[in-house]
Every structure is written in structure tokens, then in C-alpha cells.
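> Dropping in query.cif, which is mmCIF, C-alpha atoms:
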```cif
data_protein
#
loop_
_atom_site.label_atom_id
_atom_site.label_comp_id
_atom_site.auth_asym_id
_atom_site.auth_seq_id
_atom_site.Cartn_x
_atom_site.Cartn_y
_atom_site.Cartn_z
CA MET A 1 -0.70 0.65 8.17
CA THR A 2 0.29 4.29 7.91
CA GLY A 3 0.17 6.21 4.66
CA GLU A 4 3.91 5.85 4.23
CA GLU A 5 3.81 2.10 4.86
CA ILE A 6 1.00 1.50 2.41
CA ASN A 7 2.81 3.52 -0.25
CA ARG A 8 6.04 1.58 0.26
CA GLU A 9 4.34 -1.84 0.15
CA PHE A 10 2.13 -0.90 -2.79
CA LEU A 11 5.06 0.33 -4.87
CA LEU A 12 6.80 -3.00 -4.24
CA HIS A 13 3.92 -5.04 -5.65
CA LYS A 14 2.07 -2.71 -8.02
CA ASP A 15 3.68 -4.10 -11.18
CA ALA A 16 2.79 -7.66 -10.22
CA ALA A 17 -0.79 -6.58 -9.55
CA TYR A 18 -0.90 -4.76 -12.89
CA ARG A 19 0.37 -7.80 -14.80
CA TYR A 20 -2.22 -9.95 -13.04
CA ALA A 21 -4.91 -7.48 -14.15
CA VAL A 22 -3.62 -7.61 -17.73
CA SER A 23 -3.79 -11.41 -17.66
CA ILE A 24 -7.43 -11.24 -16.60
CA LEU A 25 -8.67 -8.21 -18.55
CA HIS A 26 -6.47 -8.49 -21.68
CA ASP A 27 -6.36 -4.73 -21.85
CA PRO A 28 -3.36 -2.74 -20.58
CA VAL A 29 -5.40 0.48 -20.24
CA SER A 30 -8.16 -1.18 -18.20
CA ALA A 31 -5.47 -2.94 -16.16
CA GLN A 32 -3.81 0.39 -15.43
CA ASP A 33 -7.15 1.86 -14.30
CA ALA A 34 -7.75 -1.22 -12.18
CA THR A 35 -4.33 -0.78 -10.55
CA GLN A 36 -5.11 2.86 -9.72
CA ASP A 37 -8.51 1.81 -8.40
CA LEU A 38 -6.84 -0.85 -6.28
CA TYR A 39 -4.50 1.73 -4.79
CA GLU A 40 -7.36 4.09 -3.95
CA ARG A 41 -9.25 1.28 -2.21
CA LEU A 42 -6.21 0.22 -0.22
CA TRP A 43 -5.44 3.84 0.69
CA ARG A 44 -8.96 4.40 2.04
CA ARG A 45 -8.75 1.27 4.18
CA ARG A 46 -5.11 1.63 5.16
CA LEU A 47 -5.81 1.90 8.89
CA PHE A 48 -7.41 -1.56 8.85
CA ILE A 49 -4.70 -3.25 6.77
CA ARG A 50 -1.75 -5.11 8.27
CA ALA A 51 1.63 -5.49 6.64
CA LYS A 52 1.58 -9.27 7.02
CA GLY A 53 0.21 -10.99 3.92
CA PHE A 54 -0.08 -7.68 2.09
CA ARG A 55 0.87 -9.13 -1.31
CA SER A 56 -1.85 -11.80 -1.13
CA LEU A 57 -4.36 -9.20 -0.01
CA MET A 58 -3.37 -6.94 -2.89
CA MET A 59 -3.62 -9.69 -5.49
CA THR A 60 -6.97 -10.90 -4.13
CA ALA A 61 -8.31 -7.35 -4.19
CA MET A 62 -7.03 -6.90 -7.74
CA ARG A 63 -8.72 -10.13 -8.79
CA ASN A 64 -12.03 -8.92 -7.32
CA ILE A 65 -11.76 -5.59 -9.12
CA CYS A 66 -11.03 -7.32 -12.43
CA ILE A 67 -13.84 -9.86 -12.01
CA ASP A 68 -16.24 -6.99 -11.23
CA GLN A 69 -15.07 -5.19 -14.35
CA LEU A 70 -15.57 -8.30 -16.47
CA ARG A 71 -19.06 -8.76 -15.07
CA SER A 72 -20.11 -5.16 -15.54
CA SER A 73 -18.56 -4.85 -18.98
CA SER A 74 -20.63 -5.84 -21.95
CA ARG A 75 -17.45 -6.81 -23.75
CA HIS A 76 -16.86 -10.20 -22.17
CA GLN A 77 -15.29 -11.66 -25.24
CA VAL A 78 -11.56 -11.99 -25.33
CA GLU A 79 -9.90 -9.61 -27.72
CA PRO A 80 -6.86 -10.78 -29.59
CA ILE A 81 -3.68 -9.36 -28.17
CA GLU A 82 -1.72 -7.33 -30.64
CA GLU A 83 1.87 -8.13 -31.25
CA GLN A 84 3.49 -4.96 -29.98
CA GLY A 85 6.50 -3.56 -31.74
CA VAL A 86 8.33 -6.79 -32.46
CA ASP A 87 9.97 -7.26 -35.82
CA LEU A 88 9.21 -10.90 -36.45
CA SER A 89 11.55 -11.15 -39.38
CA GLU A 90 14.50 -10.54 -37.10
CA ALA A 91 13.17 -12.21 -33.99
CA ASP A 92 14.42 -15.52 -32.74
CA GLU A 93 12.06 -18.47 -33.13
CA ILE A 94 11.58 -18.73 -29.38
CA GLN A 95 10.53 -15.07 -29.27
CA GLU A 96 8.06 -15.66 -32.10
CA LEU A 97 6.70 -18.66 -30.29
CA ALA A 98 6.50 -16.66 -27.05
CA LEU A 99 4.21 -14.16 -28.78
CA LYS A 100 2.06 -17.02 -30.06
CA ALA A 101 2.02 -18.46 -26.54
CA LYS A 102 0.72 -15.11 -25.24
CA GLN A 103 -2.12 -15.20 -27.76
CA ILE A 104 -2.96 -18.81 -26.91
CA ILE A 105 -2.97 -18.06 -23.17
CA ALA A 106 -5.44 -15.23 -23.83
CA THR A 107 -7.94 -17.80 -25.15
CA LEU A 108 -7.76 -20.04 -22.08
CA PRO A 109 -10.59 -20.12 -19.52
CA LEU A 110 -10.19 -17.49 -16.79
CA ARG A 111 -9.33 -19.95 -14.00
CA GLU A 112 -6.58 -21.64 -16.02
CA ARG A 113 -5.27 -18.33 -17.25
CA GLU A 114 -4.95 -16.72 -13.86
CA VAL A 115 -3.39 -19.77 -12.19
CA LEU A 116 -0.89 -20.04 -15.03
CA HIS A 117 -0.12 -16.34 -14.71
CA LEU A 118 0.36 -16.43 -10.94
CA ARG A 119 2.63 -19.44 -11.20
CA ASP A 120 4.71 -18.69 -14.29
CA CYS A 121 4.76 -14.90 -14.35
CA GLN A 122 4.48 -14.04 -10.67
CA GLN A 123 6.42 -17.16 -9.63
CA MET A 124 4.16 -17.78 -6.66
CA GLU A 125 3.98 -20.96 -4.64
CA PHE A 126 0.72 -22.90 -5.05
CA SER A 127 -0.02 -22.29 -1.36
CA GLU A 128 -0.14 -18.56 -2.11
CA ILE A 129 -2.09 -18.99 -5.34
CA VAL A 130 -4.90 -20.86 -3.59
CA GLU A 131 -5.30 -17.95 -1.15
CA ILE A 132 -5.80 -15.52 -4.00
CA VAL A 133 -7.94 -17.61 -6.34
CA GLY A 134 -9.89 -19.36 -3.59
CA ILE A 135 -9.57 -22.96 -4.75
CA SER A 136 -7.80 -26.04 -3.38
CA GLU A 137 -4.16 -26.72 -4.15
CA ALA A 138 -5.08 -29.82 -6.14
CA ALA A 139 -7.50 -27.77 -8.25
CA ALA A 140 -4.87 -25.08 -8.77
CA ARG A 141 -2.28 -27.65 -9.89
CA MET A 142 -4.85 -29.22 -12.18
CA ALA A 143 -5.75 -25.85 -13.75
CA CYS A 144 -2.06 -25.01 -14.19
CA SER A 145 -1.33 -28.39 -15.74
CA ARG A 146 -4.24 -28.12 -18.16
CA ALA A 147 -3.21 -24.64 -19.19
CA ARG A 148 0.42 -25.60 -19.77
CA GLN A 149 -0.60 -28.69 -21.71
CA LYS A 150 -2.98 -26.72 -23.95
CA VAL A 151 -0.47 -24.00 -24.72
CA LYS A 152 2.26 -26.55 -25.39
CA ASP A 153 0.00 -28.56 -27.73
CA GLU A 154 -0.93 -25.44 -29.70
CA LEU A 155 2.70 -24.39 -30.00
CA VAL A 156 3.73 -27.86 -31.14
CA LYS A 157 1.01 -27.71 -33.80
CA ILE A 158 2.35 -24.36 -34.99
CA MET A 159 5.91 -25.70 -35.13
CA ASN A 160 4.94 -28.92 -36.88
CA TYR A 161 2.28 -27.68 -39.23
CA GLY A 162 2.73 -23.90 -39.21
CA LEU A 163 -0.89 -23.34 -38.10
CA MET B 1 19.44 -32.86 -15.12
CA ASP B 2 16.95 -35.11 -16.93
CA TYR B 3 15.41 -32.43 -19.13
CA LYS B 4 12.72 -34.67 -20.58
CA GLU B 5 11.57 -35.77 -17.13
CA LEU B 6 11.62 -32.17 -15.93
CA THR B 7 9.43 -31.02 -18.83
CA ARG B 8 6.99 -33.85 -18.14
CA ARG B 9 6.72 -32.79 -14.50
CA TYR B 10 6.46 -29.14 -15.54
CA LEU B 11 3.47 -29.94 -17.75
CA ASN B 12 1.86 -31.81 -14.83
CA ALA B 13 2.46 -28.81 -12.52
CA GLU B 14 4.65 -30.94 -10.28
CA THR B 15 7.86 -28.93 -10.47
CA SER B 16 9.08 -26.56 -7.78
CA LEU B 17 9.96 -22.94 -8.53
CA LYS B 18 13.65 -23.86 -8.38
CA GLU B 19 13.17 -26.58 -10.99
CA GLU B 20 11.22 -24.17 -13.17
CA ALA B 21 14.13 -21.74 -12.93
CA LEU B 22 16.41 -24.53 -14.17
CA LEU B 23 14.07 -25.11 -17.10
CA SER B 24 14.29 -21.45 -18.06
CA GLU B 25 18.06 -21.76 -18.45
CA ALA B 26 17.82 -24.67 -20.90
CA ASN B 27 18.35 -24.12 -24.63
CA PRO B 28 16.66 -26.98 -26.49
CA SER B 29 17.64 -27.85 -30.04
CA LYS B 30 15.27 -27.47 -33.01
CA ALA B 31 14.57 -31.20 -32.94
CA GLN B 32 13.17 -30.99 -29.40
CA VAL B 33 9.80 -29.57 -30.42
CA GLU B 34 8.02 -30.08 -27.12
CA GLN B 35 10.93 -28.63 -25.15
CA ARG B 36 11.06 -25.62 -27.45
CA ALA B 37 7.38 -25.01 -26.85
CA ILE B 38 7.99 -25.01 -23.11
CA ALA B 39 10.99 -22.73 -23.54
CA ALA B 40 8.73 -20.31 -25.43
CA MET B 41 6.14 -20.43 -22.63
CA ILE B 42 8.79 -19.68 -20.04
CA TYR B 43 10.23 -16.90 -22.20
CA GLN B 44 6.75 -15.38 -22.57
CA ALA B 45 6.34 -15.36 -18.78
CA LYS B 46 9.76 -13.76 -18.40
CA MET B 47 8.85 -11.01 -20.89
CA GLN B 48 5.61 -10.38 -19.04
CA ARG B 49 7.50 -9.92 -15.79
CA GLN B 50 9.14 -6.83 -17.29
CA GLU B 51 5.86 -4.95 -17.74
CA ARG B 52 5.55 -1.91 -15.49
CA VAL B 53 2.79 0.52 -14.55
CA GLU B 54 2.67 4.08 -13.25
CA VAL B 55 0.27 4.84 -10.42
CA LYS B 56 -0.51 8.20 -8.80
CA ILE B 57 0.39 7.91 -5.15
CA HIS B 58 -1.09 10.00 -2.31
CA GLU B 59 1.29 11.98 -0.18
CA PRO B 60 0.93 11.02 3.48
CA ARG B 61 -0.74 13.94 5.31
CA ARG B 62 2.24 15.57 6.97
CA GLY B 63 0.31 18.87 7.27
CA ARG B 64 -2.27 17.27 9.53
CA GLN B 65 0.41 15.73 11.72
CA MET B 66 2.13 19.11 11.93
CA ALA B 67 -1.14 20.80 12.93
CA VAL B 68 -1.68 18.26 15.71
CA ALA B 69 1.90 18.73 16.90
CA LEU B 70 1.50 22.52 16.80
CA ALA B 71 -1.76 22.39 18.75
CA ALA B 72 -0.14 20.16 21.36
CA SER B 73 2.79 22.57 21.64
CA VAL B 74 0.42 25.52 22.17
CA VAL B 75 -1.41 23.65 24.94
CA VAL B 76 1.87 22.81 26.66
CA LEU B 77 3.11 26.40 26.36
CA LEU B 78 -0.16 27.76 27.78
CA GLY B 79 0.16 25.35 30.70
CA ILE B 80 3.72 26.43 31.36
CA PHE B 81 2.74 30.11 31.11
CA HIS B 82 -0.18 29.63 33.48
CA PHE B 83 1.70 27.74 36.17
CA ALA B 84 5.03 29.49 35.88
CA LYS B 85 3.59 33.03 35.71
CA PRO B 86 5.35 35.32 38.32
CA GLN B 87 2.99 36.22 41.15
CA THR B 88 1.93 39.86 41.63
CA ILE B 89 3.21 41.48 44.81
CA TYR B 90 0.64 43.95 46.13
CA GLY B 91 2.80 45.17 48.96
CA TYR B 92 4.84 44.12 51.97
CA TYR B 93 3.72 43.35 55.47
CA ASN B 94 6.45 43.10 58.10
CA GLY B 95 8.95 42.68 55.27
CA GLU B 96 7.01 39.75 53.74
CA PRO B 97 5.45 40.21 50.26
CA VAL B 98 1.65 40.11 50.07
CA THR B 99 0.60 38.18 46.90
CA SER B 100 -3.09 37.63 47.66
CA LEU B 101 -5.38 40.40 46.43
CA ALA B 102 -7.95 39.73 49.16
CA GLN B 103 -5.28 39.92 51.84
CA ALA B 104 -3.90 43.11 50.30
CA GLU B 105 -7.38 44.70 50.28
CA GLN B 106 -7.99 43.67 53.87
CA MET B 107 -4.66 45.10 54.96
CA THR B 108 -5.26 48.29 53.01
CA GLU B 109 -8.60 48.79 54.77
CA GLN B 110 -6.96 48.11 58.10
CA MET B 111 -4.19 50.60 57.30
CA PHE B 112 -6.62 53.37 56.35
CA GLY B 113 -8.68 52.56 59.47
CA ASN B 114 -5.59 52.98 61.62
CA MET B 115 -4.77 56.24 59.90
CA LEU B 116 -8.31 57.51 60.57
CA LEU B 117 -8.02 56.52 64.17
CA ALA B 118 -4.68 58.24 64.39
CA GLU B 119 -6.11 61.34 62.73
CA ASN B 120 -9.13 61.39 65.05
CA GLY B 121 -6.77 60.92 68.01
CA ALA B 122 -4.74 63.94 66.95
CA ASP B 123 -7.88 66.06 66.63
CA ASP B 124 -8.90 65.10 70.13
CA ILE B 125 -5.52 66.13 71.44
CA LEU B 126 -5.74 69.45 69.57
CA ASP B 127 -9.27 70.01 70.88
CA GLU B 128 -8.05 69.33 74.35
CA LEU B 129 -5.13 71.68 73.92
CA PHE B 130 -7.43 74.36 72.50
CA TYR B 131 -9.82 73.86 75.38
CA LEU B 132 -6.95 74.17 77.87
CA ASN B 133 -5.79 77.36 76.21
CA HIS B 134 -9.21 78.77 76.74
#
```
Please rewrite the model in this file as C-alpha cells.

Amino acid sequence: MTGEEINREFLLHKDAAYRYAVSILHDPVSAQDATQDLYERLWRRRLFIRAKGFRSLMMTAMRNICIDQLRSSSRHQVEPIEEQGVDLSEADEIQELALKAKQIIATLPLREREVLHLRDCQQMEFSEIVEIVGISEAAARMACSRARQKVKDELVKIMNYGL
Amino acid sequence: MDYKELTRRYLNAETSLKEEALLSEANPSKAQVEQRAIAAMIYQAKMQRQERVEVKIHEPRRGRQMAVALAASVVVLLGIFHFAKPQTIYGYYNGEPVTSLAQAEQMTEQMFGNMLLAENGADDILDELFYLNH
């Protein structure tokens, strides 16, 4: 790909890659750095990259960068995600629950979290998810199902018992 | 649409993206606790899709391309100048221009040789005339 092509394709998918990084790293600043790092890597290798399957390549590369960061960082533990700028007193119940859901998702195992993110946030087909995560479609569906079930159960508990 | 069946399949990761889009349009009542939980999950994903990031992008190296194009132009111009350069005419021989330096030199030598011969010939004639006068 030429410099212009890589810029055009990257700008199309950068936000998706960033959100994927946030879902793995739980830190918007680290995710932003990871996105910039991803771009630099892609730019350096642009002559060897083809336009076909660029999104999958980008997401896989982003995953690798994030996993490397998690491994090298001493702070492996998940930090609670702050509720950013939402006035809960005025918010609709679904919005409140959505914030809770975000916190619950942050506590899920990495595999479940990233499959859930790629499916629900990125709206990817399972065939594409398996390319990025490197597991079978059955395993991806299983991870997604487990994640959805866990988040739903926690939200139901909150609604029923106010936990 | 059987909403309950759809939520069951959603939780089992059996729904298609189209069916999941249908689920996002539903507005379950307060009594439908499980459905409301799923609606919240879908809403959370929707909110996350709005997150954006700024990345510093490299400018493609137009300067380098221009330099290559300029160098190529110079080479082409030099070629044109070399091959289309007007030939030097050193003189004319029988009305035809002489463009070869070697040929011009040879002809010049020949011309001066002829002149010398002619000059010597004239001297001889003068000598002869002088001798006759004596």
C-alpha cells in the first residue's frame, strides 16, 4: 500500500481499533498510545501490506500490541472504570444499567471480554472475530455466550436486589 | 418478533447481526427484567461505538516523489540536448558543409599545401623570368 492508501484505510478503522484497545487495556490513555503505536508499525510496513483484509490485520495487530503491554506492565489488575460525566440522578434506568454493564464487562476474563467487544461493539461476524482472536468459531460463540450470560445475571441481580 | 426467544438466542450467541439490530430497537417494560438487562448491554455497546481517537498521521512523501520526477526530467532534457544539438559547420567543400573536425583539419592542411605549391610555382616562374631578363 502507498502512504496515501494506508492513511485512508487507517483513518476508516482507527476508532474501532482504539475501542478494542480500551476494551483490553481499560485505560483510554494507554489505548490512545497503542493506537498511535499501531499506526507507526503499519506505516513502517506499508509496502508489504495489502488492502484486502486490512481491518482484520489492523485489529490483530492492535490485539498483539495490547497483549504485549499487558504482559510488560506490572499493573495487570483490572482497574475500575470511572463513570465519566453522567448525572445518574437524571439518567434513564437503561443508561444507569449500561454504565454498570461496562463495569461488569471490565471484570470478565480477557478472552470473553474481547469476543464480546468485537461482536457487540464492533458488530463483527464470528468468522472475522476468529481471525483476530485466533480461536475456533465454536469457542468464540461460547466465550460470547458466557460473557453475555454473566453480564445479564449481574444486571438482573442489581435490578432485583440493588447490589 | 418473539422477543423472549430472541433474547434467549442472543444470550447463547446464536443470533445474527440483523437480529441483534432488531433487539436494540426493542423497549422492554420494567417488568421484563432480563430483557431490560440485555437492552442495557446493547445500549452500552452502542455508547462505546461513539468513542473516537485522534492519531498523528504521516504526510506521504511528496517531496521525494517530486525529486525523482525532477531528476528524471533533467536526464531527459540532457538527452534531448545531446542528441538534438546543432552540428558545428567548420567550412564548405564544393558547396557542402563540413561538420567533421578531422575532415576539416585534413582539408585545411590540403588547402595550405596547395597554396604553398602555388606560391612555389609562382617563384619558379619569377625566377625563370628574371633569368630570361638576364
> Hey, what comes out of the PyMOL selection byres ((chain B) within 12 of (chain A)) on this file? Could you write it as a PyMOL selection string?
chain B and resi 7-21+23-24+27-62+65
> Please report the interatomic distance between CA of Ala104 (chain B) and CA of Ala118 (chain B) in Å with one decimal.
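Distance reported for this atom pair: 20.7 Å.
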> How many Å separate CA of Leu12 (chain A) from CA of Arg55 (chain A)?
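Atom-to-atom, CA of Leu12 (chain A) and CA of Arg55 (chain A) are spaced 9.0 Å apart.
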